[in-house]
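The next block is work13.txt, given as compact mmCIF, C-alpha atoms.
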```txt
# COMPACT_ATOMS: atom_id res chain seq x y z
CA MET A 1 0.00 0.00 0.00
CA SER A 2 1.34 3.45 -0.90
CA ASP A 3 2.20 6.04 1.72
CA SER A 4 -0.52 8.36 0.47
CA LYS A 5 -3.21 5.67 0.87
CA THR A 6 -1.93 4.78 4.34
CA LYS A 7 -2.14 8.42 5.41
CA LYS A 8 -5.71 8.64 4.10
CA LEU A 9 -6.72 5.70 6.33
CA ILE A 10 -4.76 6.69 9.43
CA LEU A 11 -5.64 10.39 9.60
CA PRO A 12 -9.44 9.92 9.95
CA ARG A 13 -8.85 7.30 12.65
CA LEU A 14 -6.53 9.63 14.53
CA ALA A 15 -9.08 12.41 14.26
CA ALA A 16 -11.79 10.13 15.62
CA ILE A 17 -9.59 9.02 18.51
CA LEU A 18 -8.65 12.61 19.30
CA PHE A 19 -12.33 13.58 19.29
CA LEU A 20 -13.14 10.81 21.76
CA VAL A 21 -10.26 11.85 24.00
CA ILE A 22 -11.50 15.45 24.02
CA LEU A 23 -15.02 14.27 24.92
CA ALA A 24 -13.64 12.19 27.77
CA LEU A 25 -11.64 15.16 29.09
CA ILE A 26 -14.68 17.41 28.92
CA ALA A 27 -16.86 14.84 30.68
CA GLY A 28 -14.31 14.54 33.45
CA SER A 29 -13.81 18.25 33.94
CA PRO A 30 -15.36 20.18 36.87
CA GLY A 31 -17.65 22.05 34.52
CA ALA A 32 -19.27 18.83 33.41
CA GLU A 33 -20.87 18.06 36.77
CA GLU A 34 -24.57 17.31 36.85
CA GLU A 35 -26.82 20.33 36.66
CA THR A 36 -28.24 21.60 39.94
CA THR A 37 -31.92 20.82 40.47
CA THR A 38 -34.30 23.16 42.28
CA ILE A 39 -37.04 22.42 44.77
CA THR A 40 -39.66 25.01 45.68
CA VAL A 41 -40.68 25.02 49.33
CA SER A 42 -43.87 26.96 50.09
CA THR A 43 -43.27 28.15 53.63
CA ALA A 44 -45.49 29.93 56.14
CA SER A 45 -44.11 33.43 56.70
CA THR A 46 -43.65 32.83 60.43
CA LEU A 47 -40.95 30.29 59.48
CA THR A 48 -38.97 32.79 57.37
CA GLU A 49 -35.82 33.11 59.47
CA ALA A 50 -35.61 29.47 60.53
CA PHE A 51 -36.21 28.10 57.04
CA THR A 52 -33.74 30.52 55.48
CA ASP A 53 -31.07 28.90 57.66
CA ILE A 54 -32.43 25.41 57.07
CA ALA A 55 -32.39 25.91 53.29
CA ARG A 56 -28.82 27.19 53.42
CA GLU A 57 -27.55 24.20 55.40
CA PHE A 58 -29.55 21.76 53.29
CA GLU A 59 -27.87 23.11 50.15
CA VAL A 60 -24.45 22.61 51.73
CA ALA A 61 -25.34 19.01 52.53
CA HIS A 62 -26.94 18.51 49.10
CA PRO A 63 -24.84 20.56 46.64
CA ASP A 64 -26.82 19.23 43.67
CA THR A 65 -30.07 20.78 44.98
CA LYS A 66 -31.07 24.44 45.30
CA VAL A 67 -33.94 25.47 47.57
CA GLU A 68 -36.29 28.30 46.65
CA LEU A 69 -38.53 29.51 49.47
CA ASN A 70 -42.01 30.77 48.58
CA LEU A 71 -43.12 32.77 51.63
CA ALA A 72 -46.70 33.76 52.44
CA SER A 73 -49.52 32.93 54.85
CA SER A 74 -50.45 29.25 55.01
CA GLY A 75 -53.89 29.93 53.56
CA THR A 76 -52.44 31.79 50.58
CA LEU A 77 -49.89 29.03 49.97
CA ARG A 78 -52.60 26.37 50.14
CA THR A 79 -54.66 28.25 47.56
CA GLN A 80 -51.63 28.45 45.26
CA ILE A 81 -51.08 24.71 45.51
CA GLU A 82 -54.76 24.03 44.84
CA SER A 83 -54.44 26.19 41.72
CA GLY A 84 -51.57 24.06 40.42
CA ALA A 85 -48.55 26.14 41.42
CA PRO A 86 -45.28 24.21 40.85
CA VAL A 87 -44.47 23.43 44.48
CA ASP A 88 -42.45 20.53 45.85
CA VAL A 89 -42.87 20.92 49.62
CA PHE A 90 -45.45 22.67 51.80
CA ALA A 91 -44.37 23.75 55.30
CA SER A 92 -47.51 25.04 56.98
CA SER A 93 -48.20 26.76 60.28
CA SER A 94 -51.73 25.37 60.06
CA GLU A 95 -52.92 21.79 60.37
CA SER A 96 -56.26 22.76 58.81
CA ASP A 97 -54.66 24.05 55.60
CA MET A 98 -52.66 20.84 55.27
CA ASP A 99 -55.82 18.84 55.99
CA LEU A 100 -57.61 20.56 53.12
CA LEU A 101 -54.83 19.62 50.71
CA SER A 102 -54.92 16.08 52.06
CA GLU A 103 -58.66 15.82 51.45
CA LYS A 104 -58.07 16.79 47.82
CA GLY A 105 -55.29 14.25 47.38
CA LEU A 106 -52.65 16.92 46.78
CA ILE A 107 -50.00 15.72 49.24
CA GLU A 108 -47.95 12.56 49.68
CA GLU A 109 -49.60 11.23 52.84
CA SER A 110 -46.62 9.10 53.84
CA SER A 111 -44.39 12.20 53.87
CA ARG A 112 -46.57 14.30 56.19
CA LYS A 113 -45.06 15.02 59.59
CA ASP A 114 -45.51 17.58 62.36
CA PHE A 115 -42.15 19.28 62.80
CA ALA A 116 -42.65 22.20 65.20
CA ALA A 117 -44.98 23.81 67.74
CA ASN A 118 -45.59 27.43 68.74
CA THR A 119 -47.28 29.81 71.20
CA ILE A 120 -49.27 33.02 70.64
CA VAL A 121 -48.51 36.21 72.57
CA MET A 122 -49.87 39.74 72.74
CA VAL A 123 -47.30 42.42 71.89
CA VAL A 124 -47.61 46.17 72.40
CA PRO A 125 -45.47 49.12 71.29
CA GLU A 126 -42.80 50.16 73.79
CA LYS A 127 -44.40 53.07 75.63
CA ASP A 128 -43.64 54.66 78.98
CA SER A 129 -46.91 56.54 79.36
CA SER A 130 -49.47 53.73 79.46
CA GLU A 131 -49.94 50.45 81.26
CA PRO A 132 -49.89 47.52 78.80
CA PRO A 133 -52.89 45.16 78.75
CA LYS A 134 -52.50 42.14 81.01
CA SER A 135 -55.45 40.09 79.74
CA LEU A 136 -57.79 39.77 76.78
CA GLU A 137 -60.47 41.70 78.67
CA ASP A 138 -58.13 44.70 78.89
CA LEU A 139 -58.41 45.08 75.11
CA THR A 140 -61.88 46.57 75.59
CA ALA A 141 -60.40 49.58 77.41
CA GLY A 142 -60.69 52.96 75.75
CA SER A 143 -56.91 53.38 75.74
CA ILE A 144 -56.65 50.51 73.24
CA GLU A 145 -57.86 51.98 69.95
CA LYS A 146 -56.35 49.67 67.33
CA ILE A 147 -55.59 45.94 67.55
CA ALA A 148 -53.75 44.03 64.80
CA ILE A 149 -54.89 40.48 64.09
CA GLY A 150 -53.99 38.12 61.27
CA ASN A 151 -56.81 37.74 58.77
CA PRO A 152 -58.90 34.80 60.06
CA GLU A 153 -59.70 33.79 56.48
CA THR A 154 -56.11 33.32 55.34
CA THR A 155 -53.68 33.34 58.28
CA THR A 156 -53.09 30.63 60.83
CA ILE A 157 -52.78 33.04 63.72
CA GLY A 158 -56.08 34.69 62.80
CA LYS A 159 -57.79 31.30 62.77
CA TYR A 160 -56.56 30.68 66.31
CA VAL A 161 -57.11 34.17 67.73
CA LYS A 162 -60.65 34.92 66.57
CA PRO A 163 -62.22 31.89 68.36
CA VAL A 164 -60.28 32.79 71.52
CA LEU A 165 -61.71 36.31 71.44
CA GLU A 166 -65.19 34.95 70.76
CA ASP A 167 -64.93 32.50 73.66
CA ALA A 168 -63.80 35.34 75.92
CA GLY A 169 -66.92 37.27 74.91
CA ILE A 170 -65.04 40.31 73.62
CA TRP A 171 -64.93 39.85 69.83
CA ASP A 172 -68.01 42.00 69.18
CA LYS A 173 -66.74 44.61 71.64
CA ILE A 174 -63.37 45.09 69.91
CA ARG A 175 -64.37 44.35 66.32
CA SER A 176 -64.32 48.02 65.33
CA LYS A 177 -60.74 48.28 66.61
CA VAL A 178 -59.41 45.36 64.59
CA ILE A 179 -56.83 45.92 61.85
CA LEU A 180 -56.28 42.81 59.73
CA GLY A 181 -52.82 41.72 58.63
CA GLU A 182 -52.20 39.34 55.76
CA THR A 183 -49.26 37.68 57.54
CA VAL A 184 -48.07 37.52 61.14
CA LYS A 185 -45.02 39.51 59.99
CA GLN A 186 -47.30 42.33 58.89
CA VAL A 187 -49.05 42.30 62.26
CA LEU A 188 -45.69 42.63 64.01
CA THR A 189 -44.72 45.51 61.70
CA TYR A 190 -47.91 47.35 62.66
CA VAL A 191 -46.84 47.07 66.30
CA GLU A 192 -43.20 47.98 65.65
CA THR A 193 -44.21 51.16 63.81
CA GLY A 194 -46.78 52.14 66.44
CA GLU A 195 -49.69 51.98 63.98
CA VAL A 196 -51.65 49.86 66.46
CA ASP A 197 -51.84 49.62 70.23
CA ALA A 198 -51.57 45.82 70.39
CA GLY A 199 -51.12 42.82 68.14
CA PHE A 200 -51.30 39.03 68.21
CA VAL A 201 -48.16 37.23 67.00
CA PHE A 202 -46.37 33.94 67.52
CA ILE A 203 -43.69 33.97 70.20
CA THR A 204 -41.11 33.03 67.57
CA ASP A 205 -41.92 36.16 65.59
CA ALA A 206 -41.78 38.28 68.72
CA GLU A 207 -38.33 36.88 69.46
CA SER A 208 -37.00 37.62 65.96
CA GLY A 209 -38.35 41.15 65.48
CA GLN A 210 -37.02 44.55 66.56
CA LYS A 211 -37.49 43.87 70.27
CA ASP A 212 -36.55 47.40 71.33
CA LEU A 213 -39.74 48.63 69.65
CA TYR A 214 -42.26 46.49 71.52
CA GLU A 215 -42.79 44.30 74.55
CA ILE A 216 -44.62 41.03 75.16
CA ALA A 217 -47.68 41.79 77.31
CA PHE A 218 -48.94 38.26 77.97
CA THR A 219 -49.31 34.76 76.55
CA VAL A 220 -52.62 34.14 74.80
CA PRO A 221 -54.55 31.08 76.00
CA VAL A 222 -55.61 28.84 73.11
CA ASN A 223 -57.75 25.72 73.29
CA GLU A 224 -55.54 23.50 71.15
CA SER A 225 -51.87 22.90 70.47
CA ILE A 226 -50.33 24.90 67.62
CA THR A 227 -48.38 22.42 65.51
CA TYR A 228 -46.72 22.84 62.12
CA PRO A 229 -47.01 20.09 59.46
CA ILE A 230 -44.79 19.54 56.41
CA ALA A 231 -45.36 17.32 53.37
CA VAL A 232 -44.27 16.57 49.81
CA ILE A 233 -46.72 17.76 47.16
CA ASN A 234 -48.10 15.03 44.89
CA GLU A 235 -47.33 16.95 41.71
CA SER A 236 -43.71 17.62 42.70
CA ALA A 237 -41.30 17.29 39.78
CA ASN A 238 -38.53 16.24 42.18
CA LYS A 239 -40.08 14.03 44.86
CA GLU A 240 -36.74 12.54 45.86
CA GLY A 241 -35.23 15.96 46.57
CA ALA A 242 -38.46 17.09 48.23
CA GLN A 243 -38.44 14.11 50.58
CA GLU A 244 -34.79 14.71 51.41
CA PHE A 245 -35.71 18.26 52.45
CA VAL A 246 -38.57 17.03 54.64
CA ASP A 247 -36.19 14.52 56.24
CA PHE A 248 -33.68 17.31 56.90
CA VAL A 249 -36.29 19.53 58.56
CA THR A 250 -37.51 16.71 60.80
CA GLY A 251 -34.00 15.42 61.44
CA ILE A 252 -31.53 16.38 64.16
CA ARG A 253 -30.00 19.47 62.50
CA GLY A 254 -33.31 20.84 61.25
CA GLN A 255 -34.79 20.54 64.72
CA GLU A 256 -31.75 22.25 66.23
CA ILE A 257 -32.18 25.23 63.91
CA LEU A 258 -35.90 25.50 64.69
CA ALA A 259 -35.13 25.42 68.42
CA GLU A 260 -32.65 28.28 67.94
CA TYR A 261 -35.57 30.39 66.72
CA GLY A 262 -37.82 29.48 69.62
CA PHE A 263 -39.88 26.71 68.06
CA LYS A 264 -40.79 23.78 70.29
CA SER A 265 -40.82 20.12 69.30
CA ALA A 266 -44.14 18.96 67.89
```
Transcribe the structure of this file into structure tokens.
Amino acid sequence: MSDSKTKKLILPRLAAILFLVILALIAGSPGAEEETTTITVSTASTLTEAFTDIAREFEVAHPDTKVELNLASSGTLRTQIESGAPVDVFASSSESDMDLLSEKGLIEESSRKDFAANTIVMVVPEKDSSEPPKSLEDLTAGSIEKIAIGNPETTTIGKYVKPVLEDAGIWDKIRSKVILGETVKQVLTYVETGEVDAGFVFITDAESGQKDLYEIAFTVPVNESITYPIAVINESANKEGAQEFVDFVTGIRGQEILAEYGFKSA
């Protein structure tokens, strides 16, 4: 065989081999790692600080997964999920909102767990001139003109507080004073800015706000325990990653972080 014919056969083979080598090098390079997947966690606003830390630590432990927090009231988040929003995990401050999703077959029942508990307190702006209320009955006093409460239709805290006020026989007496907030964070802001004379918030929110602007007046007596459920959504596009996040929240480190923000064990 002539040299020219040999070269014609060898050169294409060398080119093919070189191409394969380049592909192998690219595949083995750091830039060829698997793409990061994202899970969306719809989270009750009262969990904002704790879940921001939880998401950060989860991402460190699971570098192939990014967590996006969707923060709002539990009722609003439930409505979004019912409407088909692309959510992977629902962390609710309300058992009833999770129950409604369960009844509609929208959550993975085996993944549902209670992961935290909370307490409701009355907070008032920091004032030197007036005596803060010491009981629910004190809210009927003329010195209390505006009271912030989470919307009972959409917020967990509102759903707990309104029945308490009704049972105490003062709801109708203070109704004209009530300013509704769409999240517990908004209620706390009303108190911090002095727009209201009192507000109902979770103790965890009271502990994470601007504490020099308000004081805790008293703990609000409720008739049932306030527990927080979490679950994987049935339509999740990444159920494996979603379940890993639920396991992290209910695991040792997730519980430690929640405790740091004042949440109790469920």
task: For stretch 114-126 of chain A, work out the shell of residues within 6 Å, counting only C-alpha atoms and skipping chain neighbours fewer than 5 positions away, then give it as number ranges by chain.
output: A: 191, 194, 197-203, 213-220, 226-229, 250, 263-266
field: Polymer residues at most 8 Å from A:Thr155, only C-alpha atoms, same-chain spacing of 5 or more positions, as a ChimeraX atom specification
entry: /A:73-76,150,182-184
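Shell of A:Ile81 at 9 Å, with only C-alpha atoms counted and residues fewer than 2 places along the chain excluded, is A:Ser42, A:Thr76, A:Leu77, A:Arg78, A:Thr79, A:Ser83, A:Gly84, A:Ala85, A:Pro86, A:Val87, A:Phe90, A:Leu101, A:Leu106, A:Ile233.
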Spatial neighbours of A:Asp167, 12 Å, all atoms listed in the file, chain gap at least 5 places, as a PyMOL selection string: chain A and resi 136-137+160-162+172+221-223
query: Leaving out A:Val41 and any residue of its chain fewer than 2 positions from it, which residues lie within 10 Å of it when counting all atoms listed in the file, given as a PyMOL selection string?
result: chain A and resi 38-39+43-44+51+55+67-71+86-91+230-233+242+245-246
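Atom CA of A:Ile257 is found 27.2 Å from atom CA of A:Tyr190.
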Write stretch 189-200 of chain A as a compact mmCIF listing (two decimals), in the coordinates of the input, completed to all heavy atoms.
```txt
# COMPACT_ATOMS: atom_id res chain seq x y z
N THR A 189 -45.15 44.22 62.24
CA THR A 189 -44.72 45.51 61.70
C THR A 189 -45.65 46.62 62.16
O THR A 189 -45.19 47.73 62.50
CB THR A 189 -44.67 45.46 60.16
OG1 THR A 189 -43.70 44.50 59.75
CG2 THR A 189 -44.28 46.83 59.59
N TYR A 190 -46.95 46.35 62.17
CA TYR A 190 -47.91 47.35 62.66
C TYR A 190 -47.58 47.76 64.10
O TYR A 190 -47.68 48.94 64.47
CB TYR A 190 -49.34 46.80 62.62
CG TYR A 190 -49.95 46.68 61.25
CD1 TYR A 190 -50.93 45.71 60.97
CD2 TYR A 190 -49.58 47.54 60.22
CE1 TYR A 190 -51.51 45.61 59.72
CE2 TYR A 190 -50.15 47.44 58.95
CZ TYR A 190 -51.12 46.46 58.71
OH TYR A 190 -51.69 46.36 57.46
N VAL A 191 -47.18 46.78 64.91
CA VAL A 191 -46.84 47.07 66.30
C VAL A 191 -45.51 47.82 66.39
O VAL A 191 -45.37 48.80 67.12
CB VAL A 191 -46.77 45.77 67.13
CG1 VAL A 191 -46.35 46.07 68.57
CG2 VAL A 191 -48.12 45.05 67.11
N GLU A 192 -44.53 47.35 65.63
CA GLU A 192 -43.20 47.98 65.65
C GLU A 192 -43.26 49.45 65.26
O GLU A 192 -42.52 50.28 65.80
CB GLU A 192 -42.26 47.23 64.70
CG GLU A 192 -41.85 45.85 65.20
CD GLU A 192 -41.03 45.10 64.16
OE1 GLU A 192 -41.17 45.41 62.95
OE2 GLU A 192 -40.27 44.20 64.54
N THR A 193 -44.12 49.78 64.30
CA THR A 193 -44.21 51.16 63.81
C THR A 193 -45.19 52.01 64.61
O THR A 193 -45.37 53.19 64.33
CB THR A 193 -44.63 51.17 62.33
OG1 THR A 193 -45.87 50.45 62.18
CG2 THR A 193 -43.57 50.53 61.46
N GLY A 194 -45.85 51.39 65.60
CA GLY A 194 -46.78 52.14 66.44
C GLY A 194 -48.11 52.44 65.77
O GLY A 194 -48.87 53.28 66.25
N GLU A 195 -48.42 51.75 64.68
CA GLU A 195 -49.69 51.98 63.98
C GLU A 195 -50.87 51.40 64.74
O GLU A 195 -52.02 51.79 64.50
CB GLU A 195 -49.63 51.39 62.58
CG GLU A 195 -48.63 52.07 61.66
CD GLU A 195 -48.62 51.46 60.26
OE1 GLU A 195 -49.71 51.35 59.66
OE2 GLU A 195 -47.53 51.10 59.77
N VAL A 196 -50.59 50.45 65.63
CA VAL A 196 -51.65 49.86 66.46
C VAL A 196 -51.19 49.86 67.91
O VAL A 196 -50.01 50.05 68.21
CB VAL A 196 -51.98 48.42 66.00
CG1 VAL A 196 -52.49 48.39 64.57
CG2 VAL A 196 -50.75 47.50 66.15
N ASP A 197 -52.14 49.62 68.80
CA ASP A 197 -51.84 49.62 70.23
C ASP A 197 -51.51 48.22 70.76
O ASP A 197 -50.97 48.08 71.86
CB ASP A 197 -53.02 50.19 71.02
CG ASP A 197 -53.35 51.61 70.59
OD1 ASP A 197 -52.47 52.48 70.74
OD2 ASP A 197 -54.46 51.84 70.09
N ALA A 198 -51.85 47.20 69.98
CA ALA A 198 -51.57 45.82 70.39
C ALA A 198 -51.69 44.91 69.17
O ALA A 198 -52.34 45.26 68.18
CB ALA A 198 -52.56 45.38 71.48
N GLY A 199 -51.06 43.76 69.25
CA GLY A 199 -51.12 42.82 68.14
C GLY A 199 -50.87 41.40 68.60
O GLY A 199 -50.17 41.17 69.59
N PHE A 200 -51.47 40.44 67.90
CA PHE A 200 -51.30 39.03 68.21
C PHE A 200 -50.27 38.43 67.27
O PHE A 200 -50.44 38.47 66.04
CB PHE A 200 -52.61 38.28 68.04
CG PHE A 200 -53.68 38.64 69.05
CD1 PHE A 200 -54.57 39.68 68.80
CD2 PHE A 200 -53.78 37.94 70.24
CE1 PHE A 200 -55.55 40.00 69.71
CE2 PHE A 200 -54.76 38.26 71.17
CZ PHE A 200 -55.65 39.29 70.92
```
